[in-house]
Structures are given as structure tokens and as C-alpha cells.
$ cat target_34.pdb   # PDB, C-alpha atoms
MODEL        1
ATOM      1  CA  MET A 616     107.283 -29.099 -31.388  1.00  0.00           C
ATOM      2  CA  LYS A 617     107.914 -32.575 -32.752  1.00  0.00           C
ATOM      3  CA  ILE A 618     105.935 -33.098 -35.973  1.00  0.00           C
ATOM      4  CA  THR A 619     105.664 -36.131 -38.236  1.00  0.00           C
ATOM      5  CA  ILE A 620     104.391 -35.833 -41.797  1.00  0.00           C
ATOM      6  CA  LEU A 621     102.984 -39.144 -43.021  1.00  0.00           C
ATOM      7  CA  TYR A 622     102.431 -39.170 -46.756  1.00  0.00           C
ATOM      8  CA  ALA A 623     101.545 -41.437 -49.647  1.00  0.00           C
ATOM      9  CA  THR A 624     101.873 -40.512 -53.303  1.00  0.00           C
ATOM     10  CA  TYR A 625     101.193 -41.779 -56.799  1.00  0.00           C
ATOM     11  CA  SER A 626     102.941 -39.143 -58.924  1.00  0.00           C
ATOM     12  CA  ASN A 627     105.372 -37.705 -56.354  1.00  0.00           C
ATOM     13  CA  SER A 628     103.512 -34.390 -56.000  1.00  0.00           C
ATOM     14  CA  THR A 629     102.382 -35.245 -52.466  1.00  0.00           C
ATOM     15  CA  TYR A 630     105.949 -36.086 -51.477  1.00  0.00           C
ATOM     16  CA  THR A 631     107.146 -32.791 -52.965  1.00  0.00           C
ATOM     17  CA  ALA A 632     104.451 -30.866 -51.074  1.00  0.00           C
ATOM     18  CA  ALA A 633     105.341 -32.717 -47.848  1.00  0.00           C
ATOM     19  CA  GLU A 634     109.004 -31.752 -48.273  1.00  0.00           C
ATOM     20  CA  VAL A 635     108.074 -28.076 -48.804  1.00  0.00           C
ATOM     21  CA  LEU A 636     105.939 -28.221 -45.654  1.00  0.00           C
ATOM     22  CA  SER A 637     108.728 -29.915 -43.708  1.00  0.00           C
ATOM     23  CA  GLU A 638     111.271 -27.274 -44.700  1.00  0.00           C
ATOM     24  CA  GLU A 639     108.920 -24.440 -43.746  1.00  0.00           C
ATOM     25  CA  LEU A 640     108.053 -25.983 -40.377  1.00  0.00           C
ATOM     26  CA  GLN A 641     111.759 -26.511 -39.659  1.00  0.00           C
ATOM     27  CA  GLN A 642     112.490 -22.862 -40.493  1.00  0.00           C
ATOM     28  CA  ILE A 643     109.815 -21.882 -37.977  1.00  0.00           C
ATOM     29  CA  GLY A 644     111.647 -23.978 -35.371  1.00  0.00           C
ATOM     30  CA  HIS A 645     109.889 -27.340 -35.314  1.00  0.00           C
ATOM     31  CA  GLU A 646     111.529 -30.767 -35.392  1.00  0.00           C
ATOM     32  CA  VAL A 647     110.038 -32.535 -38.413  1.00  0.00           C
ATOM     33  CA  ALA A 648     110.223 -36.094 -39.756  1.00  0.00           C
ATOM     34  CA  VAL A 649     108.763 -37.097 -43.123  1.00  0.00           C
ATOM     35  CA  SER A 650     107.814 -40.749 -43.657  1.00  0.00           C
ATOM     36  CA  GLN A 651     105.615 -42.848 -45.882  1.00  0.00           C
ATOM     37  CA  VAL A 652     102.386 -43.784 -44.140  1.00  0.00           C
ATOM     38  CA  SER A 653     102.965 -47.388 -45.232  1.00  0.00           C
ATOM     39  CA  THR A 654     105.826 -47.605 -42.696  1.00  0.00           C
ATOM     40  CA  ALA A 655     103.936 -45.950 -39.826  1.00  0.00           C
ATOM     41  CA  THR A 656     102.641 -47.629 -36.672  1.00  0.00           C
ATOM     42  CA  ALA A 657     100.626 -46.495 -33.658  1.00  0.00           C
ATOM     43  CA  GLN A 658     103.969 -45.692 -32.032  1.00  0.00           C
ATOM     44  CA  THR A 659     104.617 -43.162 -34.815  1.00  0.00           C
ATOM     45  CA  LEU A 660     101.622 -41.191 -33.578  1.00  0.00           C
ATOM     46  CA  THR A 661     102.729 -41.224 -29.950  1.00  0.00           C
ATOM     47  CA  ASP A 662     106.271 -40.184 -30.855  1.00  0.00           C
ATOM     48  CA  SER A 663     104.984 -36.864 -32.243  1.00  0.00           C
ATOM     49  CA  GLU A 664     103.049 -33.976 -30.827  1.00  0.00           C
ATOM     50  CA  LEU A 665     101.396 -33.400 -34.212  1.00  0.00           C
ATOM     51  CA  THR A 666     100.942 -35.776 -37.141  1.00  0.00           C
ATOM     52  CA  ILE A 667     100.228 -34.329 -40.566  1.00  0.00           C
ATOM     53  CA  PHE A 668      98.628 -36.709 -43.040  1.00  0.00           C
ATOM     54  CA  ALA A 669      99.428 -35.827 -46.678  1.00  0.00           C
ATOM     55  CA  SER A 670      97.571 -37.584 -49.474  1.00  0.00           C
ATOM     56  CA  PRO A 671      96.461 -37.168 -53.053  1.00  0.00           C
ATOM     57  CA  SER A 672      92.787 -37.646 -53.876  1.00  0.00           C
ATOM     58  CA  TRP A 673      92.273 -40.527 -56.240  1.00  0.00           C
ATOM     59  CA  ASP A 674      89.918 -43.289 -57.266  1.00  0.00           C
ATOM     60  CA  TYR A 675      90.041 -46.268 -54.936  1.00  0.00           C
ATOM     61  CA  GLU A 676      87.866 -49.359 -55.152  1.00  0.00           C
ATOM     62  CA  GLY A 677      85.602 -47.628 -57.661  1.00  0.00           C
ATOM     63  CA  LYS A 678      85.063 -44.500 -55.531  1.00  0.00           C
ATOM     64  CA  GLU A 679      86.319 -41.082 -56.591  1.00  0.00           C
ATOM     65  CA  GLY A 680      88.009 -38.638 -54.200  1.00  0.00           C
ATOM     66  CA  GLN A 681      89.632 -41.183 -51.915  1.00  0.00           C
ATOM     67  CA  PRO A 682      92.993 -40.948 -50.143  1.00  0.00           C
ATOM     68  CA  HIS A 683      95.914 -43.067 -51.266  1.00  0.00           C
ATOM     69  CA  GLU A 684      95.189 -46.714 -50.462  1.00  0.00           C
ATOM     70  CA  ASP A 685      98.047 -46.823 -47.928  1.00  0.00           C
ATOM     71  CA  PHE A 686      95.968 -44.642 -45.602  1.00  0.00           C
ATOM     72  CA  PHE A 687      93.211 -47.268 -45.481  1.00  0.00           C
ATOM     73  CA  HIS A 688      95.789 -49.905 -44.533  1.00  0.00           C
ATOM     74  CA  PHE A 689      97.294 -47.646 -41.857  1.00  0.00           C
ATOM     75  CA  PHE A 690      93.967 -46.847 -40.200  1.00  0.00           C
ATOM     76  CA  ASN A 691      92.927 -50.502 -40.353  1.00  0.00           C
ATOM     77  CA  LYS A 692      96.105 -51.330 -38.387  1.00  0.00           C
ATOM     78  CA  LEU A 693      95.245 -48.605 -35.865  1.00  0.00           C
ATOM     79  CA  ALA A 694      91.813 -50.137 -35.331  1.00  0.00           C
ATOM     80  CA  ASP A 695      93.575 -53.073 -33.656  1.00  0.00           C
ATOM     81  CA  THR A 696      95.208 -50.777 -31.083  1.00  0.00           C
ATOM     82  CA  THR A 697      93.551 -51.213 -27.684  1.00  0.00           C
ATOM     83  CA  PRO A 698      92.977 -48.907 -26.017  1.00  0.00           C
ATOM     84  CA  PRO A 699      92.999 -46.260 -28.750  1.00  0.00           C
ATOM     85  CA  ILE A 700      95.910 -43.818 -28.556  1.00  0.00           C
ATOM     86  CA  PRO A 701      94.809 -40.163 -28.680  1.00  0.00           C
ATOM     87  CA  PHE A 702      96.729 -38.004 -31.142  1.00  0.00           C
ATOM     88  CA  ILE A 703      96.532 -34.589 -32.804  1.00  0.00           C
ATOM     89  CA  PHE A 704      96.519 -34.391 -36.578  1.00  0.00           C
ATOM     90  CA  ALA A 705      96.304 -32.016 -39.523  1.00  0.00           C
ATOM     91  CA  ILE A 706      95.654 -32.825 -43.174  1.00  0.00           C
ATOM     92  CA  LEU A 707      97.336 -31.787 -46.410  1.00  0.00           C
ATOM     93  CA  ALA A 708      95.307 -32.942 -49.415  1.00  0.00           C
ATOM     94  CA  LEU A 709      96.112 -32.651 -53.088  1.00  0.00           C
ATOM     95  CA  GLY A 710      93.493 -32.811 -55.786  1.00  0.00           C
ATOM     96  CA  ASP A 711      92.030 -31.399 -58.956  1.00  0.00           C
ATOM     97  CA  SER A 712      89.019 -29.096 -58.840  1.00  0.00           C
ATOM     98  CA  ASN A 713      87.852 -30.479 -62.204  1.00  0.00           C
ATOM     99  CA  TYR A 714      86.726 -33.641 -60.415  1.00  0.00           C
ATOM    100  CA  THR A 715      83.479 -34.087 -58.498  1.00  0.00           C
ATOM    101  CA  TYR A 716      85.172 -34.555 -55.109  1.00  0.00           C
ATOM    102  CA  PHE A 717      87.900 -31.924 -54.907  1.00  0.00           C
ATOM    103  CA  CYS A 718      90.431 -33.117 -52.326  1.00  0.00           C
ATOM    104  CA  GLY A 719      88.000 -35.713 -51.055  1.00  0.00           C
ATOM    105  CA  ALA A 720      90.932 -37.392 -49.317  1.00  0.00           C
ATOM    106  CA  ALA A 721      90.786 -34.677 -46.642  1.00  0.00           C
ATOM    107  CA  GLU A 722      87.310 -35.658 -45.471  1.00  0.00           C
ATOM    108  CA  GLU A 723      88.024 -39.395 -45.677  1.00  0.00           C
ATOM    109  CA  ILE A 724      91.230 -39.097 -43.653  1.00  0.00           C
ATOM    110  CA  ALA A 725      89.543 -36.835 -41.087  1.00  0.00           C
ATOM    111  CA  THR A 726      86.791 -39.418 -40.613  1.00  0.00           C
ATOM    112  CA  MET A 727      89.238 -42.301 -40.212  1.00  0.00           C
ATOM    113  CA  ALA A 728      91.601 -40.370 -37.914  1.00  0.00           C
ATOM    114  CA  THR A 729      88.784 -39.135 -35.684  1.00  0.00           C
ATOM    115  CA  ALA A 730      87.428 -42.682 -35.400  1.00  0.00           C
ATOM    116  CA  ALA A 731      90.930 -43.756 -34.292  1.00  0.00           C
ATOM    117  CA  ALA A 732      90.942 -41.241 -31.370  1.00  0.00           C
ATOM    118  CA  GLY A 733      92.507 -38.369 -33.294  1.00  0.00           C
ATOM    119  CA  LYS A 734      91.685 -34.695 -32.844  1.00  0.00           C
ATOM    120  CA  GLN A 735      92.047 -32.420 -35.868  1.00  0.00           C
ATOM    121  CA  LEU A 736      94.048 -29.221 -35.570  1.00  0.00           C
ATOM    122  CA  GLY A 737      92.737 -26.485 -37.851  1.00  0.00           C
ATOM    123  CA  GLU A 738      91.332 -26.800 -41.325  1.00  0.00           C
ATOM    124  CA  ALA A 739      92.781 -29.136 -43.927  1.00  0.00           C
ATOM    125  CA  LEU A 740      94.925 -27.532 -46.604  1.00  0.00           C
ATOM    126  CA  LYS A 741      93.563 -28.431 -50.031  1.00  0.00           C
ATOM    127  CA  LEU A 742      95.863 -27.875 -53.005  1.00  0.00           C
ATOM    128  CA  ASP A 743      94.555 -27.747 -56.565  1.00  0.00           C
ATOM    129  CA  GLN A 744      96.660 -29.271 -59.376  1.00  0.00           C
ATOM    130  CA  TYR A 745      99.995 -29.045 -57.560  1.00  0.00           C
ATOM    131  CA  TYR A 746     102.359 -29.289 -60.524  1.00  0.00           C
ATOM    132  CA  LEU A 747     100.288 -26.928 -62.698  1.00  0.00           C
ATOM    133  CA  ASN A 748     100.045 -24.343 -59.889  1.00  0.00           C
ATOM    134  CA  GLU A 749     103.260 -25.049 -58.004  1.00  0.00           C
ATOM    135  CA  THR A 750     104.108 -21.435 -57.142  1.00  0.00           C
ATOM    136  CA  ALA A 751     100.668 -20.751 -55.653  1.00  0.00           C
ATOM    137  CA  CYS A 752     100.610 -24.131 -53.893  1.00  0.00           C
ATOM    138  CA  VAL A 753     104.023 -23.558 -52.302  1.00  0.00           C
ATOM    139  CA  ALA A 754     102.835 -20.154 -51.051  1.00  0.00           C
ATOM    140  CA  SER A 755      99.720 -21.812 -49.582  1.00  0.00           C
ATOM    141  CA  ILE A 756     101.839 -24.465 -47.859  1.00  0.00           C
ATOM    142  CA  LYS A 757     104.092 -21.835 -46.289  1.00  0.00           C
ATOM    143  CA  SER A 758     101.110 -19.830 -45.056  1.00  0.00           C
ATOM    144  CA  TRP A 759      99.442 -22.964 -43.658  1.00  0.00           C
ATOM    145  CA  ALA A 760     102.655 -23.941 -41.835  1.00  0.00           C
ATOM    146  CA  LYS A 761     102.565 -20.585 -40.040  1.00  0.00           C
ATOM    147  CA  GLN A 762      98.888 -21.080 -39.173  1.00  0.00           C
ATOM    148  CA  LEU A 763      99.581 -24.531 -37.729  1.00  0.00           C
ATOM    149  CA  SER A 764     102.429 -23.097 -35.665  1.00  0.00           C
ATOM    150  CA  GLU A 765     100.140 -20.412 -34.246  1.00  0.00           C
ATOM    151  CA  LEU A 766      97.521 -23.031 -33.358  1.00  0.00           C
ATOM    152  CA  THR A 767     100.094 -25.084 -31.461  1.00  0.00           C
ATOM    153  CA  ALA A 768     101.650 -22.144 -29.598  1.00  0.00           C
TER
ENDMDL
END
$ encode --input "target_34.pdb" --output "C-alpha cells"
Amino acid sequence: MKITILYATYSNSTYTAAEVLSEELQQIGHEVAVSQVSTATAQTLTDSELTIFASPSWDYEGKEGQPHEDFFHFFNKLADTTPPIPFIFAILALGDSNYTYFCGAAEEIATMATAAAGKQLGEALKLDQYYLNETACVASIKSWAKQLSELTA
């Protein structure tokens, strides 16, 4: 399966998690590309059979638990696509359970992607404090990659 991971990051943890996911999916046998969401277009979605959105949860425009701002720009660009292009997506969200909205980016991205004609595959993977819990987070990513592969089989 051809998979694209679109990510945005502030502290590089989301990029690191996306790379771990990419390596695991490739070991399973998938063709994987990793790109910043800021460079993505509607064509990026149609070039893949599955798009994985990877984002930290952060404060944006005074609201806690939001995805990286580049995701808002990407989905605003998609809103101009007529007719909407259906696509399948999954979500990898990073956050900190000490905050009110743990991995709130997952819900925000799901809402925006669904509004743009996307269909979510499986549950979002939510990682808590990636760099402080890297071993456990990497294990979760590897397990989730296997789950995604089973859902696409």
C-alpha cells in the first residue's frame, strides 16, 4: 500500500515519531513517504491510498489542544478543491496528559479531514510526552502500524 505521512512539528518530536512509523510501515511492506503538511496539496491525498496526519497538540489562536497551525492552512486549501476528493486517513497525535485537552489535535484534525471528504481508518494514536516516554511511545507506534496494516488488508 502507498502511504503518505503528513506531519508538522514544533520541537521535532512529531517528526521523530513520523520517522519511526514510516520505518515500521516499510518493514511491514508498505511504500511510505514522509512530508511536511505545509508542502502538501490535494494531489498529495490522491497519490496515496492512506494519508496519516501527524501533529503535536498545542495552543493556537488562544485555544489549547489544537493541531500545528500548518494543518489549518492545509485544510483551508483543501476547502477550495471542487469537487472534494475522497481520501482515507489516520491520525498520530502527540500531547501531554497534564493539559486539559490531551492530544486535542486528533479530534480537530478528524473534524477537518472528515469535512474535506476524508474517511478515518481506525482510532487515532495518542502519544503522551514523547521524549519523556520514548521507549513506550515507540512500542505504541509499532503496534499501531501493525493495526493499520490489518485494517487495510
$ closest_residue --input "target_34.pdb" --among "A:Ala657, A:Ile643, A:Leu742, A:Ile724" --to "Ser712 in chain A" --atoms "all atoms listed in the file"
A:Leu742
$ resolve_selection --input "target_34.pdb" --expression "the PyMOL selection byres ((chain A and resi 632) around 9)" --output "NGL selection string"
:A and (627-631 or 633-637 or 669 or 707 or 709 or 745 or 752-753 or 756)
$ residues_around --input "target_34.pdb" --residues "Lys692 in chain A" --least-positions-apart "6" --cutoff "10 Å" --atoms "all atoms listed in the file" --output "list in words"
Ala655, Thr656, Ala657 and Phe686 of chain A
$ resolve_selection --input "target_34.pdb" --expression "the PyMOL selection byres ((chain A and resi 665) around 7)" --output "ChimeraX atom specification"
/A:617-619,663-664,666-667,703-704
$ residues_near_point --input "target_34.pdb" --point "(90.3, -38.1, -53.3)" --cutoff "8 Å" --atoms "all atoms listed in the file" --output "tab-separated table (two decimals) with C-alpha atoms, in the coordinates of the input"
chain	number	residue	atom	x	y	z
A	671	PRO	CA	96.46	-37.17	-53.05
A	672	SER	CA	92.79	-37.65	-53.88
A	673	TRP	CA	92.27	-40.53	-56.24
A	674	ASP	CA	89.92	-43.29	-57.27
A	679	GLU	CA	86.32	-41.08	-56.59
A	680	GLY	CA	88.01	-38.64	-54.20
A	681	GLN	CA	89.63	-41.18	-51.92
A	682	PRO	CA	92.99	-40.95	-50.14
A	683	HIS	CA	95.91	-43.07	-51.27
A	709	LEU	CA	96.11	-32.65	-53.09
A	710	GLY	CA	93.49	-32.81	-55.79
A	716	TYR	CA	85.17	-34.56	-55.11
A	717	PHE	CA	87.90	-31.92	-54.91
A	718	CYS	CA	90.43	-33.12	-52.33
A	719	GLY	CA	88.00	-35.71	-51.06
A	720	ALA	CA	90.93	-37.39	-49.32
A	721	ALA	CA	90.79	-34.68	-46.64
$ atom_distance --input "target_34.pdb" --atom1 "CA of Ile706 in chain A" --atom2 "CA of Val647 in chain A"
15.2 Å
$ closest_residue --input "target_34.pdb" --among "A:Ala725, A:Ala751, A:Ala731, A:Leu621" --to "Pro701 in chain A" --atoms "only C-alpha atoms"
A:Ala731
$ closest_residue --input "target_34.pdb" --among "A:Asp711, A:Met616, A:Thr661, A:Asn691" --to "Leu640 in chain A" --atoms "only C-alpha atoms"
A:Met616
$ closest_residue --input "target_34.pdb" --among "A:Ala760, A:Ala708, A:Leu693, A:Leu766" --to "Thr729 in chain A" --atoms "all atoms listed in the file"
A:Leu693
$ atom_distance --input "target_34.pdb" --atom1 "CA of Gln762 in chain A" --atom2 "CA of Glu684 in chain A"
28.3 Å
$ build_atoms --input "target_34.pdb" --residues "range 724-741 of chain A" --atoms "N, CA and C atoms" --output "compact mmCIF listing (two decimals), in the frame of the given file"
# COMPACT_ATOMS: atom_id res chain seq x y z
N ILE A 724 90.19 -38.95 -44.67
CA ILE A 724 91.23 -39.10 -43.65
C ILE A 724 90.74 -38.55 -42.31
N ALA A 725 90.06 -37.41 -42.33
CA ALA A 725 89.54 -36.84 -41.09
C ALA A 725 88.59 -37.81 -40.40
N THR A 726 87.74 -38.45 -41.17
CA THR A 726 86.79 -39.42 -40.61
C THR A 726 87.53 -40.61 -39.99
N MET A 727 88.50 -41.14 -40.72
CA MET A 727 89.24 -42.30 -40.21
C MET A 727 90.08 -41.93 -38.99
N ALA A 728 90.74 -40.78 -39.03
CA ALA A 728 91.60 -40.37 -37.91
C ALA A 728 90.78 -40.07 -36.67
N THR A 729 89.64 -39.43 -36.83
CA THR A 729 88.78 -39.14 -35.68
C THR A 729 88.26 -40.43 -35.06
N ALA A 730 87.90 -41.39 -35.90
CA ALA A 730 87.43 -42.68 -35.40
C ALA A 730 88.53 -43.43 -34.64
N ALA A 731 89.79 -43.10 -34.95
CA ALA A 731 90.93 -43.76 -34.29
C ALA A 731 91.44 -42.95 -33.10
N ALA A 732 90.63 -42.04 -32.56
CA ALA A 732 90.94 -41.24 -31.37
C ALA A 732 91.77 -40.00 -31.68
N GLY A 733 91.78 -39.58 -32.93
CA GLY A 733 92.51 -38.37 -33.29
C GLY A 733 91.66 -37.12 -33.15
N LYS A 734 92.34 -36.00 -32.93
CA LYS A 734 91.68 -34.70 -32.84
C LYS A 734 92.34 -33.79 -33.88
N GLN A 735 91.52 -33.24 -34.78
CA GLN A 735 92.05 -32.42 -35.87
C GLN A 735 92.40 -31.02 -35.40
N LEU A 736 93.57 -30.56 -35.85
CA LEU A 736 94.05 -29.22 -35.57
C LEU A 736 93.83 -28.37 -36.81
N GLY A 737 92.96 -27.40 -36.73
CA GLY A 737 92.74 -26.48 -37.85
C GLY A 737 92.04 -27.13 -39.03
N GLU A 738 91.95 -26.34 -40.08
CA GLU A 738 91.33 -26.80 -41.32
C GLU A 738 92.36 -27.51 -42.19
N ALA A 739 91.90 -28.46 -42.98
CA ALA A 739 92.78 -29.14 -43.93
C ALA A 739 93.22 -28.15 -45.00
N LEU A 740 94.45 -28.31 -45.47
CA LEU A 740 94.92 -27.53 -46.60
C LEU A 740 94.65 -28.35 -47.86
N LYS A 741 93.91 -27.76 -48.78
CA LYS A 741 93.56 -28.43 -50.03
C LYS A 741 94.25 -27.71 -51.19
